[in-house]
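All remarks here apply to the structure that follows.
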Amino acid sequence: MVGSIFTRHIEKRNTLIKNKDVLQTSYLPEEMPHRSAEIDSIATIIASAFQRDRPSNILIFGKTGTGKTAVMNFIGNELRKEDPSGNTCVYIYINCKIVDTQYGILQNIGNQTMADSGKSITTGLSIEKVSSDVRNSIDEHKKVFIVVLDEIDHLVFKSGDDVLYYLSKINEDLKHSKLSLVGISNSLKFKEHMDPRVKSRLCEEQMIFPPYDAKQIEDILRSRAVLAFDDGILENDVIPYCAALSAQEMGDARRALDLLRVAADIAERTGESAVTEAHVRYAKNKIEMDIVSETVKTLTQQSKTVLMSIIHNTNDDNKTMTTGDVYAVYKKLCDILQISVLTQRRVTDLISELDMLGIVHAPVKSFGRAGRTKVIELSIPMDVCNMLTDDDSMKPLKTSKLRKQTTLL
DNA sequence: CCTCCACCGGAACGTGAGGAGT
DNA sequence: ACTCCTCACGTTCCGGTGGAGG
């Protein structure tokens, strides 16, 4: 037999997409359409690092997909071009959605500054020890450090502003080095959760990235499409359609790129010679479904059980329910699944988490004498029910006998 | 205007996993 | 082997609270 199981697929694959990387959201373009003003003003602030001055701390706001992260990484790249050996300036990027604890942030900065000396920061040390280690390591370098904290709101929300307090006043204890912070956030609201002192120090400069409009998203898509596709692969209305769809979603350029990439993927896989508007529509559904199933998959068993209780409480004529309703069903499900029953207090927290993930909608509402409670409604399709019962830990609910039992609840 | 329901949600604390230093 | 650290996940306790009905 000639060839592997892949041969057929490799041969069949017509190359609709010339360069796939260009359509990834992580791809860093050579130039950034409609963001030159922002790049310029950040560059003026940061340029002082080359005079060995401390650039002002910057806070950048903007909705998702407005190019905040891309602009900062673009600037980071330019910084390295200007100073290839890193003699005066070090650029450190941390995504606070991934690293969201005080300890993690310090550890991350420490590891990036100590990398050349072969040392590293491990876990199990006290915060005080780690902070002083990091501070010493920074000072030894005698450089200007630009620390970018992406999704900083997530950090503040999750772990408070202690690290920010520490980092924003670290310069007082540095003799040779300097450190400036760039915070990136998609909500303005998180400032309220910060200590006023931290806030004022962090907000020395503030910038807001406005959402892109449909025309601008079109430009961005076109600049990428030129690199990713040969002429004639995209039907004329594809890019405007992607742009229009994502402009509806608050000018999210990332969504627009995802749409285009997934649409092209679908067209390629089905062996078609061009990408059409229909592919984009299909891509839109696929992306939405993928997001939901991915988040549901990563829930803990307890959260899945709570979600299951909400699904069981949902029926055609009554889509909403109260915390009490959910908890009653939840207790029975726990019994069937043979898992421990959490307190109602904890379950309300789990429901709130599901709310934050966009899986359910659960505002609190008062019914006067009838009390005050969350009014819970499922905000994803019922199909997730199947996704949930496919899960190993939820197997017991799959047998028909038990399912009958649970639907009767 | 007051009451009172059915929870909400903050605070403090407990437990146990995962890792480090000594 | 023992102590010490963080962090995730829960529990217990308890003071609120919006608004329909008296």
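Residues are named by chain letter and number: chains run A, B, ... in the order of the structure tokens, numbers start at 1 in each chain, and ligands are numbered from 1 in the order shown.
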Write down, as a PyMOL selection string, each residue of chain C that has any atom within 8 Å of an atom of chain A, counting only C-alpha atoms (C1' of nucleotides).
chain C and resi 5-6+10-11+17-21
Could you list, as a PyMOL selection string, the residues of chain B having an atom within 9 Å of chain A when counting only C-alpha atoms (C1' of nucleotides)?
chain B and resi 3-9+18-21
Serialized selection, N, CA and C atoms (P, O5', C5', C4', C3', O3' and C1' of nucleotides), as a short mmCIF file (atom, residue, chain, number, x, y, z; two decimals), in the first residue's frame:
data_model
loop_
_atom_site.label_atom_id
_atom_site.label_comp_id
_atom_site.auth_asym_id
_atom_site.auth_seq_id
_atom_site.Cartn_x
_atom_site.Cartn_y
_atom_site.Cartn_z
P DT B 3 -42.85 47.19 61.02
"O5'" DT B 3 -43.47 45.81 60.46
"C5'" DT B 3 -44.41 45.87 59.41
"C4'" DT B 3 -44.69 44.46 58.92
"C3'" DT B 3 -43.64 43.42 59.26
"O3'" DT B 3 -44.28 42.15 59.24
"C1'" DT B 3 -43.60 43.85 56.93
P DC B 4 -43.61 40.84 59.89
"O5'" DC B 4 -43.99 39.69 58.83
"C5'" DC B 4 -44.55 40.00 57.57
"C4'" DC B 4 -43.73 39.37 56.45
"C3'" DC B 4 -42.62 38.41 56.90
"O3'" DC B 4 -42.66 37.28 56.04
"C1'" DC B 4 -41.72 40.04 55.48
P DC B 5 -41.91 35.95 56.37
"O5'" DC B 5 -42.12 35.07 55.05
"C5'" DC B 5 -43.00 35.44 54.01
"C4'" DC B 5 -42.27 35.50 52.67
"C3'" DC B 5 -41.22 34.42 52.47
"O3'" DC B 5 -41.50 33.77 51.25
"C1'" DC B 5 -40.32 36.58 51.95
P DA B 6 -41.00 32.33 50.92
"O5'" DA B 6 -39.66 32.67 50.14
"C5'" DA B 6 -39.72 33.15 48.79
"C4'" DA B 6 -38.30 33.40 48.35
"C3'" DA B 6 -37.38 32.21 48.58
"O3'" DA B 6 -36.49 32.08 47.50
"C1'" DA B 6 -36.53 34.10 49.68
P DC B 7 -35.84 30.65 47.12
"O5'" DC B 7 -34.47 31.08 46.46
"C5'" DC B 7 -33.38 31.42 47.28
"C4'" DC B 7 -33.19 32.90 47.30
"C3'" DC B 7 -31.75 33.32 47.20
"O3'" DC B 7 -31.49 33.65 45.83
"C1'" DC B 7 -32.95 34.64 48.81
P DC B 8 -29.99 33.79 45.36
"O5'" DC B 8 -29.59 35.22 45.92
"C5'" DC B 8 -30.08 36.38 45.28
"C4'" DC B 8 -29.33 37.58 45.84
"C3'" DC B 8 -27.83 37.52 45.60
"O3'" DC B 8 -27.40 38.78 45.09
"C1'" DC B 8 -28.27 37.75 47.93
P DG B 9 -26.03 38.83 44.32
"O5'" DG B 9 -24.99 39.05 45.52
"C5'" DG B 9 -25.01 40.25 46.26
"C4'" DG B 9 -24.06 40.10 47.43
"C3'" DG B 9 -22.69 39.51 47.06
"O3'" DG B 9 -21.73 40.18 47.83
"C1'" DG B 9 -23.61 38.29 48.78
P DG B 18 -2.01 17.49 43.58
"O5'" DG B 18 -0.94 18.68 43.67
"C5'" DG B 18 -1.22 19.92 43.05
"C4'" DG B 18 -0.03 20.80 43.28
"C3'" DG B 18 1.30 20.07 43.11
"O3'" DG B 18 2.18 20.89 42.36
"C1'" DG B 18 1.26 21.16 45.16
P DG B 19 3.53 20.30 41.75
"O5'" DG B 19 4.62 21.08 42.62
"C5'" DG B 19 4.74 22.48 42.44
"C4'" DG B 19 5.48 23.05 43.60
"C3'" DG B 19 6.87 22.45 43.84
"O3'" DG B 19 7.88 23.39 43.50
"C1'" DG B 19 5.70 22.91 45.86
P DA B 20 9.43 23.09 43.77
"O5'" DA B 20 9.65 23.79 45.18
"C5'" DA B 20 9.07 25.08 45.38
"C4'" DA B 20 9.84 25.84 46.41
"C3'" DA B 20 11.31 25.47 46.52
"O3'" DA B 20 12.05 26.61 46.88
"C1'" DA B 20 10.15 24.79 48.49
P DG B 21 13.61 26.55 47.03
"O5'" DG B 21 13.78 26.46 48.62
"C5'" DG B 21 13.54 27.62 49.40
"C4'" DG B 21 13.72 27.27 50.86
"C3'" DG B 21 15.14 26.84 51.24
"O3'" DG B 21 15.45 27.45 52.49
"C1'" DG B 21 13.60 25.18 51.88
#
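Between CA of Gly183 in chain A and CA of Asp150 in chain A the separation is 6.1 Å.
Using only C-alpha atoms, the smallest distance between any of A:Val134, A:Met194, A:Leu174, A:Ile208 and Gly160 in chain A comes from A:Met194.
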